[in-house]
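A.B. asks: Following this message is one structure expressed as structure tokens.
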Protein chains: 4
Amino acid sequence: LYAFSVHNFSVGVLGGSGYAGRELCALIERHPALSLSFATAQSQRGESIRVGGRSVTFVAPGDADLASASLVFSALPHGHSLPWVERARSAGAKVVDLSSDLRPGRGPLAGTAAGDVPYGLPEFHRDAIAGASVVANPGCYATAVLLALVPLASRGLIAPGATVSVSAASGVTGAGHTPRPDLLFAEVESDFRAYAVGNCHRHLPEMRATLAFAGADCDLLFTPHLLPVARGILATITVPLTAPLADPVALFADAYAGEPFVEVADTPPSLREVTRRNVARLFATAVEGMRQPTLLVQAAIDNLVKGAAGQAVQNANLMLGLDEAMGLPT
Amino acid sequence: LYAFSVHNFSVGVLGGSGYAGRELCALIERHPALSLSFATAQSQRGESIRVGGRSVTFVAPGDADLASASLVFSALPHGHSLPWVERARSAGAKVVDLSSDLRPGRGPLAGTAAGDVPYGLPEFHRDAIAGASVVANPGCYATAVLLALVPLASRGLIAPGATVSVSAASGVTGAGHTPRPDLLFAEVESDFRAYAVGNCHRHLPEMRATLAFAGADCDLLFTPHLLPVARGILATITVPLTAPLADPVALFADAYAGEPFVEVADTPPSLREVTRRNVARLFATAVEGMRQPTLLVQAAIDNLVKGAAGQAVQNANLMLGLDEAMGLPT
Amino acid sequence: LYAFSVHNFSVGVLGGSGYAGRELCALIERHPALSLSFATAQSQRGESIRVGGRSVTFVAPGDADLASASLVFSALPHGHSLPWVERARSAGAKVVDLSSDLRPGRGPLAGTAAGDVPYGLPEFHRDAIAGASVVANPGCYATAVLLALVPLASRGLIAPGATVSVSAASGVTGAGHTPRPDLLFAEVESDFRAYAVGNCHRHLPEMRATLAFAGADCDLLFTPHLLPVARGILATITVPLTAPLADPVALFADAYAGEPFVEVADTPPSLREVTRRNVARLFATAVEGMRQPTLLVQAAIDNLVKGAAGQAVQNANLMLGLDEAMGLPT
Amino acid sequence: LYAFSVHNFSVGVLGGSGYAGRELCALIERHPALSLSFATAQSQRGESIRVGGRSVTFVAPGDADLASASLVFSALPHGHSLPWVERARSAGAKVVDLSSDLRPGRGPLAGTAAGDVPYGLPEFHRDAIAGASVVANPGCYATAVLLALVPLASRGLIAPGATVSVSAASGVTGAGHTPRPDLLFAEVESDFRAYAVGNCHRHLPEMRATLAFAGADCDLLFTPHLLPVARGILATITVPLTAPLADPVALFADAYAGEPFVEVADTPPSLREVTRRNVARLFATAVEGMRQPTLLVQAAIDNLVKGAAGQAVQNANLMLGLDEAMGLPT
């Protein structure tokens with residue numbers, strides 16, 4: 001086995017101490033063409049974590065040498081990322097922003113041209129991403145839901161005016177690494193509950209905007225739940241159709257033919273099949289006994305990989321002219 | 001503290017070795033007016049389990065003295081219970097049947113008058129249960145879903161012809177105690193998946209029949225999931241309404257006023273709030289941003305208590321003329 | 001069933017918002033002769049929790065009416081409890097102190113007569129506890145270890161000068177309710193690790209002092225571990241003996257004959273057998289193939305019940321002249 | 001990145017359907033110089049599993065083309081492996097046997113020259129393994145315990161005649177993939193218990209024989225426990241020393257300098273640090289307050305990787321003249 005590694009791009013991570021930030025550091029560490037220039041963390045500056053074989057020491061955000069990086073990943077909290085995106089751009093770095101600050105559906109952003117920032121779902125916007133200097137990495141739930149729904153929307157299969165109902169469940173890393181009493185082990189184990197009920201979740205705008213752009217005229221109802229697992233999202237979606245679908249699995253297989261990071265299955269996906277992998281696993285089946293033709297669609301992803309850090313690297317690969325799949329676990 | 005216990009009714013358990021059967025034995029053991037006459041188990045006959053303070057030894061079904069019991073609980077597998085229900089009836093015992101054999105919606109049963117067997121949801125059929133000699137104890141999922149939907153159906157609030165979509169998740173005791181590779185700890189932990197997708201679950205007929213009887217003209221879409229927890233069911237339900245509801249929590253609070261085993265909450269229920277208790281915990285909220293007025297309703301129960309053994313004892317209390325709440329954990 | 005409840009003692013809880021404090025509130029709520037006068041919490045003052053059927057609202061420590069209580073439980077942090085013990089005593093209340101501040105082995109305490117404060121293991125110090133105004137409730141690990149070792153120590157069975165090695169594991173509620181990154185669900189699940197290695201744990205002094213008092217001349221080596229479970233402690237102990245023991249289970253059964261809260265088993269105990277119960281479950285067996293006769297002893301308890309709140313109520317029952325077992329789950 | 005993979009050795013797996021067998025298939029799939037010729041499974045013959053990117057279909061043992069393989073891994077059950085080892089040898093294949101059938105300490109084996117079969121701990125027997133045609137892969141517990149103890153034994157540091165006490169805990173994959181009621185999720189979660197107490201575990205003979213060979217004259221006391229996790233072993237070991245050790249971590253760091261698969265840490269290891277990696281992580285610290293100088297040593301491994309399949313591939317690499325670390329996850 002002979003391997004010639006070419007570490008030709010320095011990258012930085014803003015907000016490296018959260019779960020997504022750590023996953024980014026780990027993916028960069030194993031990436032053959034990226035090397036980590038810096039990782040920032042405000043309250044944990046000076047602390048080190050082990051990623052892969054080596055140690056990464058967090059620096060304060062103000063100490064990050066933005067100009068040293070060809071590309072910067074921002075995993076800063078929602079609402080705090082935009083100024084750093086602009087600072088990194090000024091320093092000459094490309095940016096993949098994992099926050100929701102620049103995602104579609106959030107209204108005009110003062111002083112930015114948000115319309116020029118592609119939404120980082122490579123399966124739909126590959127060319128725009130490849131040519132962009134800033135990409136808005138999608139939310140974890142939005143990634144799962146949109147990979148399941150866009151093929152139906154773009155083919156005009158969703159019944160106009162209908163309600164598409166999404167019940168989704170996520171592992172607790174989706175809630176972040178900041179200590180909260182309700183995220184303690186003894187509170188989460190053996191439990192299951194919904195949150196952000198009644199269409200209050202932050203990912204709804206980007207889901208609605210993307211579905212509308214794909215041609216759907218439907219109402220989206222989204223209910224997320226907290227699972228007693230560390231990683232993974234499963235979205236279970238009911239879709240009223242304009243007409244019955246003869247072979248829904250074949251439709252998705254056709255829609256994603258050749259895609260390296262989308263698997264179409266003929267059985268319901270489980271979290272185990274996708275955790276620690278940069279893939280979305282999709283399944284669809286007709287629902288029996290309904291007057292309205294209805295499809296059940298499911299999508300499973302690892303919220304930290306295809307739902308965050310993995311997809312961010314996938315976008316970065318495109319933006320840097322690398323093979324889209326480079327360094328990503330499948 | 002002075003307590004005069006009156007153990008005046010002998011009861012038996014057919015199928016005592018499964019999770020529901022063991023829970024029944026434990027509830028009978030702590031019940032002040034019931035005493036356990038026998039518990040049967042085919043393959044585990046002769047084996048003992050500890051329930052509460054004492055040991056219970058399983059006998060072969062053929063060795064059970066059915067005539068010694070005022071009431072027999074059958075926790076036998078679906079499809080195997082009916083002959084034993086009839087045998088127990090012939091011996092003079094009343095019967096609470098936890099299998100699906102006598103539940104509504106399953107079509108005419110040869111040699112039985114299933115129409116005369118009340119469906120054991122005391123909140124709706126209290127009087128019929130009190131006067132019955134055989135009661136069909138509801139399925140665990142059906143209990144959660146029907147307690148959430150019947151008040152809406154009986155008030156004519158569900159939009160005619162609409163789809164009511166139920167996404168539900170259950171702990172693994174719902175899948176039984178018989179060893180299967182997919183139920184091993186190392187397979188279930190960290191996982192989450194749907195099963196019986198596309199409206200294939202055994203509980204659909206009893207749910208549909210009960211909703212139709214309550215006046216609803218809707219299609220039901222039911223997707224169950226397997227949770228990495230031992231106990232508990234959470235059902236998340238989207239209901240298209242005929243008109244917006246001003247105060248959905250108040251509607252449920254009014255519908256269940258005075259009910260000892262239904263709690264109406266103003267926050268989404270969690271499994272922890274209901275496990276090891278004979279209660280259903282309900283929540284409802286309007287969904288924002290929908291053209292069709294839509295309600296999100298949730299119900300949480302312990303699948304082994306309010307979803308099985310606890311509700312069976314609740315029914316037995318009614319059938320034996322005891323206080324409905326006697327011996328039940330709240 | 002007729003029950004005449006006599007709620008004749010008002011009690012208070014200092015430090016009610018932690019896991020032990022909440023468990024105390026729940027046990028008091030279901031206790032037939034105790035009623036909760038107040039529960040304090042500094043940072044959560046004004047917040048409410050649900051215990052059993054009712055709601056408890058925390059008051060600031062300074063707002064607690066200590067004089068209203070016949071007895072006060074202090075579940076305050078180690079090092080902060082002693083001043084409140086003295087304040088409660090001045091107000092006329094008896095005190096069960098769950099902190100380590102007054103436990104044996106900690107050296108002379110300025111301004112106190114620690115020697116007069118019985119160590120609250122009722123199985124060994126029942127009479128002293130019944131006559132005391134202040135009792136030091138044992139640590140959770142110490143409870144498990146001492147119930148396993150004192151019968152051997154007091155019978156002179158532990159080889160003089162030998163090393164008794166304890167490997168113990170506890171559920172995470174033992175680490176408290178204050179949020180810490182290392183106690184988040186995503187950090188604890190799938191993990192297992194030791195802590196306080198090399199004999200650094202806070203419970204060693206009370207274990208050593210009690211064993212010495214019981215007549216043992218041994219060195220204690222104690223290694224605690226953190227388990228991915230919410231509740232429970234299992235201590236696995238190797239004891240070099242002066243001579244082989246013919247029937248170790250019988251020895252323990254004899255030592256604890258008549259004790260309501262100690263179970264002697266002939267199989268290794270598991271956490272499930274003791275969680276949510278105020279019992280210690282013990283097991284002992286000879287070790288094969290050793291030159292030095294050696295016993296393996298195990299003790300399992302629920303760290304929040306027999307290891308904390310349950311034992312505190314057991315002590316309170318004795319101090320108030322009630323039946324020792326009143327209100328306690330077995 | 002340019003990679004020239006050389007898949008030059010065909011290998012087979014006997015007993016591919018258990019947890020160790022599946023892990024072997026997965027490691028072989030990602031190994032750059034091994035290709036899977038066959039995997040057998042008796043009851044699951046004809047069934048397929050997904051490993052890495054491709055599907056593996058089990059064949060009946062009698063249908064395996066042993067002669068097609070340069071090397072055969074046997075993951076057959078203890079007591080059933082030896083005849084297949086001999087069959088594979090007759091067909092010309094080298095063999096790594098993961099069962100206990102050929103491990104040291106088990107007495108003379110009829111018809112075999114067990115003394116000629118090296119014990120597959122490469123850190124101690126690298127040269128013998130490289131020259132062998134059959135290697136006995138160590139037990140999972142034995143791997144952890146011996147990597148912790150052999151450096152002390154071989155330096156004469158263990159007090160003669162003393163008792164070395166091992167308390168170890170393993171994830172449930174160590175108990176195998178065959179369905180058993182006590183391994184169901186609902187039985188294992190929230191639990192912890194010991195088994196094979198009193199020195200009854202199958203791995204004791206190989207541990208004792210290897211320690212004696214390394215020069216130790218001690219008694220070994222071994223108590224395994226079942227953890228509610230899928231993977232990982234942590235062994236906590238107390239070692240009476242001939243004299244105090246100034247720097248135990250440095251001793252281990254020196255003993256394992258240059259070893260690719262042993263990590264010496266200065267904090268207690270946790271399962272998370274080793275799962276899915278072919279490493280043993282060691283830690284040692286002096287115990288305070290003891291008359292006898294005593295060391296606490298800990299070792300953590302993934303029972304399926306360094307404790308089984310990973311170490312088997314490590315041995316196979318040596319036997320086939322490949323780089324010892326090839327294809328192994330660190």
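The chains in the structure tokens are called A, B, ... from first to last as shown; in each chain the residues are counted from 1, and the ligands are counted from 1 in the order shown.
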Starting from chain B, keep only residues with some atom at most 7 Å from an atom of chain D, counting only C-alpha atoms, and report them as a PyMOL selection string.

C.D. replies: chain B and resi 172-173+177-181+183-186+188+230

A.B. asks: Could those residues be written to a file, using all heavy atoms, as an mmCIF file, in the first residue's frame?

C.D. replies:
```cif
data_model
loop_
_atom_site.group_PDB
_atom_site.id
_atom_site.type_symbol
_atom_site.label_atom_id
_atom_site.label_comp_id
_atom_site.auth_asym_id
_atom_site.auth_seq_id
_atom_site.Cartn_x
_atom_site.Cartn_y
_atom_site.Cartn_z
ATOM 1 N N VAL B 172 -39.010 -1.272 24.429
ATOM 2 C CA VAL B 172 -38.901 -2.627 23.881
ATOM 3 C C VAL B 172 -39.706 -3.677 24.622
ATOM 4 O O VAL B 172 -39.916 -4.763 24.085
ATOM 5 C CB VAL B 172 -37.433 -3.104 23.800
ATOM 6 C CG1 VAL B 172 -36.678 -2.328 22.735
ATOM 7 C CG2 VAL B 172 -36.746 -2.976 25.134
ATOM 8 N N THR B 173 -40.163 -3.403 25.837
ATOM 9 C CA THR B 173 -41.015 -4.412 26.476
ATOM 10 C C THR B 173 -42.278 -4.630 25.652
ATOM 11 O O THR B 173 -42.902 -5.690 25.762
ATOM 12 C CB THR B 173 -41.386 -4.019 27.911
ATOM 13 O OG1 THR B 173 -41.943 -2.701 27.902
ATOM 14 C CG2 THR B 173 -40.165 -4.049 28.817
ATOM 15 N N HIS B 177 -41.065 -10.702 25.602
ATOM 16 C CA HIS B 177 -39.969 -11.239 26.404
ATOM 17 C C HIS B 177 -39.288 -12.428 25.726
ATOM 18 O O HIS B 177 -38.267 -12.931 26.199
ATOM 19 C CB HIS B 177 -40.546 -11.673 27.768
ATOM 20 C CG HIS B 177 -39.523 -12.008 28.798
ATOM 21 N ND1 HIS B 177 -39.204 -13.293 29.139
ATOM 22 C CD2 HIS B 177 -38.733 -11.213 29.537
ATOM 23 C CE1 HIS B 177 -38.267 -13.278 30.073
ATOM 24 N NE2 HIS B 177 -37.956 -12.033 30.338
ATOM 25 N N THR B 178 -39.825 -12.867 24.597
ATOM 26 C CA THR B 178 -39.226 -13.993 23.893
ATOM 27 C C THR B 178 -37.936 -13.533 23.220
ATOM 28 O O THR B 178 -37.933 -12.536 22.505
ATOM 29 C CB THR B 178 -40.206 -14.540 22.828
ATOM 30 O OG1 THR B 178 -41.432 -14.878 23.483
ATOM 31 C CG2 THR B 178 -39.640 -15.763 22.145
ATOM 32 N N PRO B 179 -36.818 -14.240 23.471
ATOM 33 C CA PRO B 179 -35.536 -13.786 22.921
ATOM 34 C C PRO B 179 -35.544 -13.743 21.393
ATOM 35 O O PRO B 179 -35.969 -14.688 20.743
ATOM 36 C CB PRO B 179 -34.541 -14.840 23.420
ATOM 37 C CG PRO B 179 -35.196 -15.472 24.585
ATOM 38 C CD PRO B 179 -36.677 -15.431 24.306
ATOM 39 N N ARG B 180 -35.096 -12.627 20.858
ATOM 40 C CA ARG B 180 -34.921 -12.457 19.415
ATOM 41 C C ARG B 180 -33.626 -11.692 19.222
ATOM 42 O O ARG B 180 -33.323 -10.790 19.997
ATOM 43 C CB ARG B 180 -36.063 -11.623 18.816
ATOM 44 C CG ARG B 180 -37.317 -12.411 18.483
ATOM 45 C CD ARG B 180 -38.514 -11.529 18.132
ATOM 46 N NE ARG B 180 -38.187 -10.225 17.592
ATOM 47 C CZ ARG B 180 -39.067 -9.196 17.513
ATOM 48 N NH1 ARG B 180 -40.317 -9.350 17.949
ATOM 49 N NH2 ARG B 180 -38.707 -8.043 17.032
ATOM 50 N N PRO B 181 -32.855 -12.030 18.181
ATOM 51 C CA PRO B 181 -31.574 -11.325 17.998
ATOM 52 C C PRO B 181 -31.734 -9.808 17.927
ATOM 53 O O PRO B 181 -30.905 -9.069 18.453
ATOM 54 C CB PRO B 181 -31.051 -11.878 16.665
ATOM 55 C CG PRO B 181 -31.741 -13.179 16.481
ATOM 56 C CD PRO B 181 -33.073 -13.069 17.160
ATOM 57 N N LEU B 183 -33.661 -7.928 19.453
ATOM 58 C CA LEU B 183 -34.028 -7.297 20.727
ATOM 59 C C LEU B 183 -32.910 -7.378 21.759
ATOM 60 O O LEU B 183 -33.082 -6.969 22.909
ATOM 61 C CB LEU B 183 -35.307 -7.922 21.292
ATOM 62 C CG LEU B 183 -36.551 -7.769 20.413
ATOM 63 C CD1 LEU B 183 -37.747 -8.445 21.071
ATOM 64 C CD2 LEU B 183 -36.855 -6.290 20.146
ATOM 65 N N LEU B 184 -31.743 -7.926 21.363
ATOM 66 C CA LEU B 184 -30.606 -7.965 22.281
ATOM 67 C C LEU B 184 -30.157 -6.538 22.611
ATOM 68 O O LEU B 184 -30.268 -5.630 21.787
ATOM 69 C CB LEU B 184 -29.437 -8.731 21.636
ATOM 70 C CG LEU B 184 -29.652 -10.232 21.465
ATOM 71 C CD1 LEU B 184 -28.477 -10.840 20.698
ATOM 72 C CD2 LEU B 184 -29.794 -10.912 22.828
ATOM 73 N N PHE B 185 -29.616 -6.377 23.798
ATOM 74 C CA PHE B 185 -29.175 -5.044 24.213
ATOM 75 C C PHE B 185 -28.276 -4.394 23.173
ATOM 76 O O PHE B 185 -28.455 -3.229 22.801
ATOM 77 C CB PHE B 185 -28.427 -5.124 25.553
ATOM 78 C CG PHE B 185 -27.928 -3.785 26.010
ATOM 79 C CD1 PHE B 185 -28.725 -2.960 26.775
ATOM 80 C CD2 PHE B 185 -26.663 -3.330 25.662
ATOM 81 C CE1 PHE B 185 -28.285 -1.707 27.174
ATOM 82 C CE2 PHE B 185 -26.210 -2.083 26.063
ATOM 83 C CZ PHE B 185 -27.028 -1.280 26.823
ATOM 84 N N ALA B 186 -27.296 -5.171 22.694
ATOM 85 C CA ALA B 186 -26.304 -4.571 21.797
ATOM 86 C C ALA B 186 -26.900 -4.183 20.449
ATOM 87 O O ALA B 186 -26.263 -3.466 19.680
ATOM 88 C CB ALA B 186 -25.125 -5.536 21.593
ATOM 89 N N VAL B 188 -30.251 -2.918 20.241
ATOM 90 C CA VAL B 188 -31.262 -1.874 20.472
ATOM 91 C C VAL B 188 -30.632 -0.567 20.942
ATOM 92 O O VAL B 188 -31.066 0.517 20.550
ATOM 93 C CB VAL B 188 -32.314 -2.370 21.501
ATOM 94 C CG1 VAL B 188 -33.252 -1.240 21.896
ATOM 95 C CG2 VAL B 188 -33.099 -3.545 20.931
ATOM 96 N N ALA B 230 -36.791 0.759 28.079
ATOM 97 C CA ALA B 230 -37.524 -0.443 28.448
ATOM 98 C C ALA B 230 -39.030 -0.238 28.369
ATOM 99 O O ALA B 230 -39.762 -1.093 27.885
ATOM 100 C CB ALA B 230 -37.125 -0.893 29.856
#
```

A.B. asks: Just give me the gap between CA of Ala216 (chain D) and CA of Ala169 (chain C) in Å, one decimal is fine.

C.D. replies: 29.0 Å

A.B. asks: Considering only C-alpha atoms, return as a PDB file with N, CA, C and O atoms, in the first residue's frame whatever protein or nucleic-acid residues lie within 8 Å of Met290 (chain B), sequence-local ones (same chain, fewer than 6 positions apart) excluded.

C.D. replies:
```
ATOM      1  N   THR A 163     -51.014  19.055   3.768  1.00  0.00           N
ATOM      2  CA  THR A 163     -50.110  19.120   4.911  1.00  0.00           C
ATOM      3  C   THR A 163     -49.133  17.957   4.857  1.00  0.00           C
ATOM      4  O   THR A 163     -49.544  16.794   4.834  1.00  0.00           O
ATOM      5  N   ASP A 219     -48.155  22.736   3.157  1.00  0.00           N
ATOM      6  CA  ASP A 219     -47.841  23.214   4.507  1.00  0.00           C
ATOM      7  C   ASP A 219     -46.993  22.166   5.197  1.00  0.00           C
ATOM      8  O   ASP A 219     -47.270  20.963   5.094  1.00  0.00           O
ATOM      9  N   LEU A 220     -46.006  22.630   5.912  1.00  0.00           N
ATOM     10  CA  LEU A 220     -45.101  21.706   6.590  1.00  0.00           C
ATOM     11  C   LEU A 220     -45.411  21.730   8.081  1.00  0.00           C
ATOM     12  O   LEU A 220     -45.530  22.804   8.682  1.00  0.00           O
ATOM     13  N   LEU A 221     -45.549  20.542   8.667  1.00  0.00           N
ATOM     14  CA  LEU A 221     -45.783  20.441  10.102  1.00  0.00           C
ATOM     15  C   LEU A 221     -44.637  19.618  10.659  1.00  0.00           C
ATOM     16  O   LEU A 221     -44.459  18.452  10.285  1.00  0.00           O
TER      17      LEU A 221
END
```

A.B. asks: Write out as a list in words which residues come within 9 Å of Ala309 (chain D) when counting only C-alpha atoms, dropping same-chain ones fewer than 5 positions away.

C.D. replies: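 So the residues in contact are Ala20, Gly21, Arg22, Glu23, Leu24, Cys25, Leu27, Ala75, Leu98, Asn137, Asn278, Asn303, Leu304 and Gln314 of chain D.
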
A.B. asks: Have a look at B:Asp254, B:Leu227, B:Pro151, B:Leu328 and name the one nearest to Thr210 (chain B); count only C-alpha atoms.

C.D. replies: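 Once distances to Thr210 (chain B) are computed over only C-alpha atoms, the minimum belongs to B:Pro151.
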
A.B. asks: Write out as number ranges by chain which residues come within 12 Å of Ala39 (chain D) when counting only C-alpha atoms, dropping same-chain ones fewer than 6 positions away.

C.D. replies: D: 10-18, 21-26, 28-29, 45-49, 51, 55-66, 69, 72-76

A.B. asks: Pick out the closest residue to Ala128 (chain D) from this set: D:Met319, D:Asp101, D:Ala257, D:Glu324. Count only C-alpha atoms.

C.D. replies: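 The answer is D:Met319, which sits nearest to Ala128 (chain D).
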
A.B. asks: Using only C-alpha atoms, determine which residues lie at most 10 Å from Phe261 (chain D), disregarding the query and same-chain residues fewer than 6 positions distant; provide the list as a compact mmCIF listing (two decimals) with N, CA, C and O atoms, in the first residue's frame.

C.D. replies:
```txt
# COMPACT_ATOMS: atom_id res chain seq x y z
N PRO D 122 0.82 -10.19 20.55
CA PRO D 122 2.02 -9.79 19.79
C PRO D 122 3.00 -8.98 20.62
O PRO D 122 4.21 -9.04 20.37
N GLU D 123 2.52 -8.23 21.58
CA GLU D 123 3.42 -7.40 22.38
C GLU D 123 4.45 -8.26 23.14
O GLU D 123 5.51 -7.75 23.52
N ARG D 277 -11.32 0.82 18.36
CA ARG D 277 -9.90 0.98 18.09
C ARG D 277 -9.15 -0.27 18.55
O ARG D 277 -9.51 -0.88 19.55
N ASN D 278 -8.08 -0.62 17.84
CA ASN D 278 -7.29 -1.80 18.21
C ASN D 278 -6.20 -1.43 19.21
O ASN D 278 -5.02 -1.64 18.97
N VAL D 279 -6.60 -0.85 20.33
CA VAL D 279 -5.61 -0.44 21.32
C VAL D 279 -6.00 -0.93 22.71
O VAL D 279 -7.17 -1.16 23.00
N ALA D 280 -4.99 -1.07 23.54
CA ALA D 280 -5.19 -1.21 24.98
C ALA D 280 -4.69 0.09 25.60
O ALA D 280 -3.62 0.60 25.21
N ARG D 281 -5.46 0.64 26.51
CA ARG D 281 -5.07 1.88 27.17
C ARG D 281 -4.82 1.55 28.64
O ARG D 281 -5.70 1.03 29.31
N LYS D 306 -9.29 -5.01 20.00
CA LYS D 306 -8.05 -5.52 20.60
C LYS D 306 -8.34 -6.79 21.40
O LYS D 306 -7.44 -7.63 21.58
N GLN D 311 -7.13 -7.96 17.28
CA GLN D 311 -5.90 -8.67 17.63
C GLN D 311 -5.68 -9.87 16.72
O GLN D 311 -4.53 -10.21 16.38
N GLN D 314 -4.15 -8.48 13.75
CA GLN D 314 -2.77 -8.14 14.10
C GLN D 314 -1.88 -9.39 14.01
O GLN D 314 -0.79 -9.36 13.44
N GLU D 324 2.49 -5.14 10.80
CA GLU D 324 1.63 -5.59 11.90
C GLU D 324 0.39 -4.70 12.06
O GLU D 324 -0.66 -5.16 12.50
N ALA D 325 0.50 -3.44 11.69
CA ALA D 325 -0.59 -2.49 11.91
C ALA D 325 -1.51 -2.35 10.71
O ALA D 325 -2.50 -1.59 10.78
N LEU D 328 -5.65 -1.84 10.56
CA LEU D 328 -6.23 -1.83 11.90
C LEU D 328 -6.56 -0.40 12.35
O LEU D 328 -5.75 0.51 12.18
N PRO D 329 -7.74 -0.19 12.95
CA PRO D 329 -8.14 1.16 13.36
C PRO D 329 -7.48 1.57 14.67
O PRO D 329 -7.58 0.88 15.68
N THR D 330 -6.78 2.68 14.64
CA THR D 330 -6.24 3.21 15.88
C THR D 330 -6.79 4.63 16.12
O THR D 330 -6.68 5.17 17.21
```

A.B. asks: Using DSSP on the backbone coordinates, identify all residues within region 76-178 of chain A classified as helix (DSSP H, G or I); present the result as a ChimeraX atom specification.

C.D. replies: /A:82-90,114-116,122-130,140-154,172-175

A.B. asks: Would you give me, as an NGL selection string, the residues in region 126-309 of chain B that DSSP reads as strand (DSSP E or B)?

C.D. replies: :B and (134-136 or 158 or 163-170 or 184 or 193-194 or 219-226 or 233-241 or 262-264 or 270 or 280-286 or 294-301)

A.B. asks: Need the shell around region 133-136 of chain D: protein/DNA/RNA residues with any atom at most 10 Å away, counting only C-alpha atoms. Skip same-chain ones fewer than 6 positions apart. Format as number ranges by chain?

C.D. replies: D: 71-74, 85-86, 88-89, 92-104, 114, 116-121, 312, 315-316, 319-320

A.B. asks: Rounded to one decimal, what separation in Å do you get between CA of Ala214 (chain B) and CA of Ala255 (chain B)?

C.D. replies: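 Taking CA of Ala214 (chain B) and CA of Ala255 (chain B), their separation equals 13.7 Å.
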